[in-house]
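Peer 1: Supplied in structure tokens, the structure appears directly below.
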There are 4 protein chains.
Amino acid sequence: MEKTKRKEKEYQLRRADILDEAEKIFAAKGFHSTTMAEIARTSGFAIGSLYQFFNGKEHLYGTMVSEKLDRMYAEIREAVAGRKTVMEKLEALVSSHFNYVENNLDYWKILIRAESITLSDEDASLKEKIISCYLSHIHFVEKIIKEGIRTNFFKTIDPFSMACALHGIMSSFKFIYIMKPRPGSLKGRVPGVLDIFLKGVKKNAV
Amino acid sequence: MEKTKRKEKEYQLRRADILDEAEKIFAAKGFHSTTMAEIARTSGFAIGSLYQFFNGKEHLYGTMVSEKLDRMYAEIREAVAGRKTVMEKLEALVSSHFNYVENNLDYWKILIRAESITLSDEDASLKEKIISCYLSHIHFVEKIIKEGIRTNFFKTIDPFSMACALHGIMSSFKFIYIMKPRPGSLKGRVPGVLDIFLKGVKKNAV
Amino acid sequence: MEKTKRKEKEYQLRRADILDEAEKIFAAKGFHSTTMAEIARTSGFAIGSLYQFFNGKEHLYGTMVSEKLDRMYAEIREAVAGRKTVMEKLEALVSSHFNYVENNLDYWKILIRAESITLSDEDASLKEKIISCYLSHIHFVEKIIKEGIRTNFFKTIDPFSMACALHGIMSSFKFIYIMKPRPGSLKGRVPGVLDIFLKGVKKNAV
Amino acid sequence: MEKTKRKEKEYQLRRADILDEAEKIFAAKGFHSTTMAEIARTSGFAIGSLYQFFNGKEHLYGTMVSEKLDRMYAEIREAVAGRKTVMEKLEALVSSHFNYVENNLDYWKILIRAESITLSDEDASLKEKIISCYLSHIHFVEKIIKEGIRTNFFKTIDPFSMACALHGIMSSFKFIYIMKPRPGSLKGRVPGVLDIFLKGVKKNAV
DNA sequence: GATGAATGAGGCTTCATTCAT
DNA sequence: TATGAATGAAGCCTCATTCAT
């Protein structure tokens, strides 16, 4: 019994190792220019061994993107979960998101590239998964916003649009950060993001 | 003389045809899954002929992305150029941008995929070009914003951040539009985008 | 016009060359142990060129087996066609069959191996084709035999069984010939084959 | 002592199990498309365990084909051994052969495929073994025929040819039976086979 | 200039066999 | 002795690019 558990644990460790190494290479070269041989070499396995963990290159790629996507959104939701007021929730949302990006730069390079969109991951295409995750996250933000509307914290604007807007502002800063890493951290921009989102940029706005 | 001009004109027409057809295929399949053979077939040329217009696949792709990028930004700038007030300029900026996206869906699918980032376009990598265009466009927006600050239309916030924020809000709507084309047009969202950007979402914001 | 014809002709020549060389190798090593690389090398083409003539290894193999099967049966039928009496027809049948085997030893090594049976030739499996050809040939023999029954040349035995028997006797000699080529030619055995088939081996038989 | 015997017995049982399962799979898929992994799974052993019984895939295949070949021929000879007259021996020969085929369809599918011919079984190639068994069986039949000639039961024809002919007739019916199993059993065809073989098909033959 | 057949490097994947546990 | 994860050689096939016509 113990033995089986131990084996399973080791299996998961190896699998995670592969995914980690693959992530780096995919981030640097993109899906097509990354070879199974390189992933194998980098992760210290034989080529054939990769196929004990994944059905193929697409599966390896899809698994990595997909699992990490889940973890990321879970992390963000968890960060938000502990907060009480809408304002606190917004701060947690943006802050944990930026935090994740800073700690997972390679992964974000992959997401930005959005190659996933073309792949034909066996059954449910990876594209669907990503978009659905994306939308479900937007809806999560939407809920917070609806709460804010109810509590008179927000104006009565279409919540979906507001969620999109917030997400977009964040994305823009993420993009700049990823493409041209600046001295300033991403996290330092949280107040600025929220400020614009909440109050807008126009002087004397109503 | 006349003959040479005529030839040159025909050459440019053919070249544009190839780029147009290539755009569609790249948009549908991505860079790597698109073959020179398919581009040739679709555009009605022989494979070998493509190489009289472009040095290779990357060059063809890069040229298409790059030239169209220039044209797009030019179009936006031109739309803005005719406007007087900052507010009008903002409207023109967002409006012409959304307009371009609606009329060039395929191209935007390509840009979103951002495969360009990986390519090693002989000398100046396409990645550099795109990012530089992107930044230069941000700076263009920045300038409008600076003008708005000077004229007391905008608050005194870091103009670069403001430009990013505006761009981000737009991107978010673009993304939704491209991924899940909704009945509502993109252009219809211009006021909403500007409203959030200008006044924020918080009630009673200062 | 002439040019197109010429091209087509050359194409067919090249194609036939490949099939010929492939036949030799398949005969010597079997389907699975034969590599596309070897076929390419032997036939003087690049690997990639093989794929301009055939969709893949199975297709190449299937085409070769199938086309040659047709030609063989056609040759035999033609040989029979010119004959008048049943006896002459039988002689022509056996004789031309043995003749073909002697002149196409490699091909018969392939047919005997019957690997074709496992392959999953895209649509109509090669197996079906071969069996159907086989049966249709048996039926062809059957017709001759029926004629012999009508003309009182043959006893009134089930014609299909008779056809099978004749085919079997021939196969047996073919097999011995192919496996352990003996000094005596196959053709020399035609009278012996017919003698046993017609009169049996029992003394004083009715 | 007892223990050793017991072990040996179990070893032989396991070995036979493997061979039985392997036979089914080889029959269905052919040598190359059958994997050691599948044989292991089906027979309930670990992959590595197979290598305690056989040196490798070819050896496993060769052993199965070879041992079964021996058993088959032994069975036929035994059936013949008890008979007195040549006619009875012939009947037993054909009958037991057909019987074996009916009861070992899978094995015959393998023999018909004749992949064995290509394999390079380390020392004595399997091909040699099969051909030698085949010939030795032909010679066995030959002996019966010689006896028939001596006893004036058969005409004075080359006994080898006669043996081949009989074998061929049988093979033909076997082939039809295996490829397109018909309602009628193989055994029911014994009289027909012998009739043609003994008396031929020609009316008023001498 | 235009063509498209020919090229062959290189990728993904399979699977017989080994060996540490 | 039994296991089955690890190995890596080798095969099929694709496709950007060239060049003879």
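Each chain in the structure tokens gets a letter, A, B, ..., in the order shown, and its residues are numbered from 1; ligands are numbered from 1 in order too.
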Mind checking which residues fall within 10 Å of Ser96 in chain C, counting only C-alpha atoms (C1' of nucleotides), ignoring those fewer than 6 positions away in the same chain, and posting them as a list in words?

Peer 2: Met72, Tyr73, Glu75, Ile76, Arg77, Glu78, Ala79, Val80, Leu90, Glu102, Lys187 and Val190 of chain C

Peer 1: Since we have the selection now, will you write its residues out, keeping all heavy atoms, as a short mmCIF file (atom, residue, chain, number, x, y, z; two decimals), in the first residue's frame?

Peer 2:
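Listed below is the output, out-v2.cif:
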```
data_model
loop_
_atom_site.label_atom_id
_atom_site.label_comp_id
_atom_site.auth_asym_id
_atom_site.auth_seq_id
_atom_site.Cartn_x
_atom_site.Cartn_y
_atom_site.Cartn_z
N MET C 72 -1.83 -9.84 -63.97
CA MET C 72 -1.62 -11.28 -64.05
C MET C 72 -2.87 -12.01 -64.50
O MET C 72 -2.83 -12.80 -65.44
CB MET C 72 -1.18 -11.83 -62.71
CG MET C 72 -1.01 -13.35 -62.74
SD MET C 72 -0.56 -14.03 -61.16
CE MET C 72 -2.10 -13.82 -60.26
N TYR C 73 -3.97 -11.70 -63.85
CA TYR C 73 -5.20 -12.40 -64.20
C TYR C 73 -5.61 -12.06 -65.64
O TYR C 73 -6.10 -12.90 -66.38
CB TYR C 73 -6.31 -12.05 -63.22
CG TYR C 73 -6.15 -12.79 -61.91
CD1 TYR C 73 -6.30 -12.16 -60.68
CD2 TYR C 73 -5.84 -14.16 -61.90
CE1 TYR C 73 -6.16 -12.85 -59.48
CE2 TYR C 73 -5.69 -14.86 -60.71
CZ TYR C 73 -5.85 -14.20 -59.50
OH TYR C 73 -5.71 -14.89 -58.32
N GLU C 75 -3.59 -11.42 -68.07
CA GLU C 75 -2.68 -12.18 -68.94
C GLU C 75 -3.17 -13.63 -69.09
O GLU C 75 -3.18 -14.19 -70.19
CB GLU C 75 -1.27 -12.15 -68.33
CG GLU C 75 -0.18 -12.60 -69.30
CD GLU C 75 1.20 -12.40 -68.68
OE1 GLU C 75 1.46 -11.27 -68.18
OE2 GLU C 75 2.00 -13.35 -68.69
N ILE C 76 -3.55 -14.19 -67.95
CA ILE C 76 -4.01 -15.58 -67.99
C ILE C 76 -5.29 -15.71 -68.81
O ILE C 76 -5.42 -16.59 -69.66
CB ILE C 76 -4.25 -16.10 -66.56
CG1 ILE C 76 -2.91 -16.17 -65.82
CG2 ILE C 76 -4.92 -17.47 -66.58
CD1 ILE C 76 -3.03 -16.54 -64.36
N ARG C 77 -6.21 -14.79 -68.56
CA ARG C 77 -7.47 -14.86 -69.30
C ARG C 77 -7.26 -14.70 -70.81
O ARG C 77 -7.88 -15.37 -71.62
CB ARG C 77 -8.42 -13.77 -68.80
CG ARG C 77 -9.30 -14.30 -67.70
CD ARG C 77 -9.95 -13.22 -66.90
NE ARG C 77 -9.84 -13.56 -65.49
CZ ARG C 77 -10.57 -12.97 -64.54
NH1 ARG C 77 -11.42 -12.03 -64.88
NH2 ARG C 77 -10.43 -13.34 -63.30
N GLU C 78 -6.34 -13.84 -71.12
CA GLU C 78 -6.06 -13.62 -72.54
C GLU C 78 -5.50 -14.89 -73.17
O GLU C 78 -5.84 -15.25 -74.30
CB GLU C 78 -5.04 -12.48 -72.67
CG GLU C 78 -5.08 -11.80 -74.03
CD GLU C 78 -4.12 -10.60 -74.04
OE1 GLU C 78 -3.64 -10.24 -72.95
OE2 GLU C 78 -3.86 -10.08 -75.13
N ALA C 79 -4.62 -15.54 -72.43
CA ALA C 79 -4.03 -16.77 -72.96
C ALA C 79 -5.10 -17.81 -73.21
O ALA C 79 -5.04 -18.57 -74.19
CB ALA C 79 -2.98 -17.30 -71.97
N VAL C 80 -6.08 -17.83 -72.33
CA VAL C 80 -7.15 -18.82 -72.46
C VAL C 80 -8.10 -18.46 -73.60
O VAL C 80 -8.63 -19.34 -74.30
CB VAL C 80 -7.92 -18.94 -71.13
CG1 VAL C 80 -9.16 -19.81 -71.31
CG2 VAL C 80 -7.02 -19.51 -70.04
N LEU C 90 -7.67 -25.51 -70.70
CA LEU C 90 -7.01 -25.93 -69.46
C LEU C 90 -5.49 -25.81 -69.58
O LEU C 90 -4.80 -25.32 -68.69
CB LEU C 90 -7.37 -27.38 -69.12
CG LEU C 90 -8.73 -27.60 -68.46
CD1 LEU C 90 -8.89 -29.06 -68.07
CD2 LEU C 90 -8.89 -26.72 -67.24
N GLU C 102 6.99 -18.04 -63.11
CA GLU C 102 8.43 -18.13 -63.41
C GLU C 102 9.03 -16.77 -63.74
O GLU C 102 10.18 -16.51 -63.41
CB GLU C 102 8.65 -19.11 -64.57
CG GLU C 102 8.54 -20.56 -64.13
CD GLU C 102 8.98 -21.52 -65.22
OE1 GLU C 102 8.97 -21.13 -66.41
OE2 GLU C 102 9.32 -22.67 -64.90
N LYS C 187 7.10 -24.84 -65.92
CA LYS C 187 6.31 -25.10 -67.13
C LYS C 187 6.35 -26.58 -67.52
O LYS C 187 5.38 -27.12 -68.04
CB LYS C 187 6.83 -24.26 -68.29
CG LYS C 187 6.43 -22.80 -68.19
CD LYS C 187 6.43 -22.13 -69.55
CE LYS C 187 5.25 -22.59 -70.38
NZ LYS C 187 5.08 -21.78 -71.61
N VAL C 190 3.45 -28.80 -66.43
CA VAL C 190 2.07 -28.63 -66.88
C VAL C 190 1.38 -29.97 -67.20
O VAL C 190 0.28 -30.23 -66.70
CB VAL C 190 2.00 -27.68 -68.10
CG1 VAL C 190 0.57 -27.57 -68.60
CG2 VAL C 190 2.55 -26.31 -67.72
#
```

Peer 1: For each of B:Ser33, B:Ser66, B:Thr151, B:Leu105, take the minimum atom-to-atom distance to Ile131 in chain B, counting only C-alpha atoms, then give the residue where this is smallest.

Peer 2: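 Answer, going by the shortest atom-to-atom distance: B:Ser66.
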
Peer 1: So that each row is one residue of chain F with an atom at most 10 Å from chain A, can you give its shortest atom pair and the distance in Å to one decimal, using only C-alpha atoms (C1' of nucleotides), rows by chain and rising number, as a tab-separated table?

Peer 2:
```
residue	atom	partner	partner_atom	distance
F:DA5	C1'	A:Ser49	CA	8.3
F:DA6	C1'	A:Ser49	CA	6.3
F:DT7	C1'	A:Ala46	CA	6.2
F:DG8	C1'	A:Ala46	CA	7.0
```

Peer 1: Write out, as a compact mmCIF listing (two decimals), in the first residue's frame, the residues just selected, with C-alpha atoms (C1' of nucleotides).

Peer 2:
```txt
# COMPACT_ATOMS: atom_id res chain seq x y z
C1' DA F 5 9.31 2.03 -15.97
C1' DA F 6 12.95 3.67 -18.70
C1' DT F 7 15.40 3.64 -22.84
C1' DG F 8 16.60 5.27 -27.57
```

Peer 1: Tell me as a ChimeraX atom specification which residues belonging to chain A come within 7 Å of chain B, counting only C-alpha atoms.

Peer 2: /A:29-30,32,113-115,118,153-155,164-165,167-169,171-173,196-206
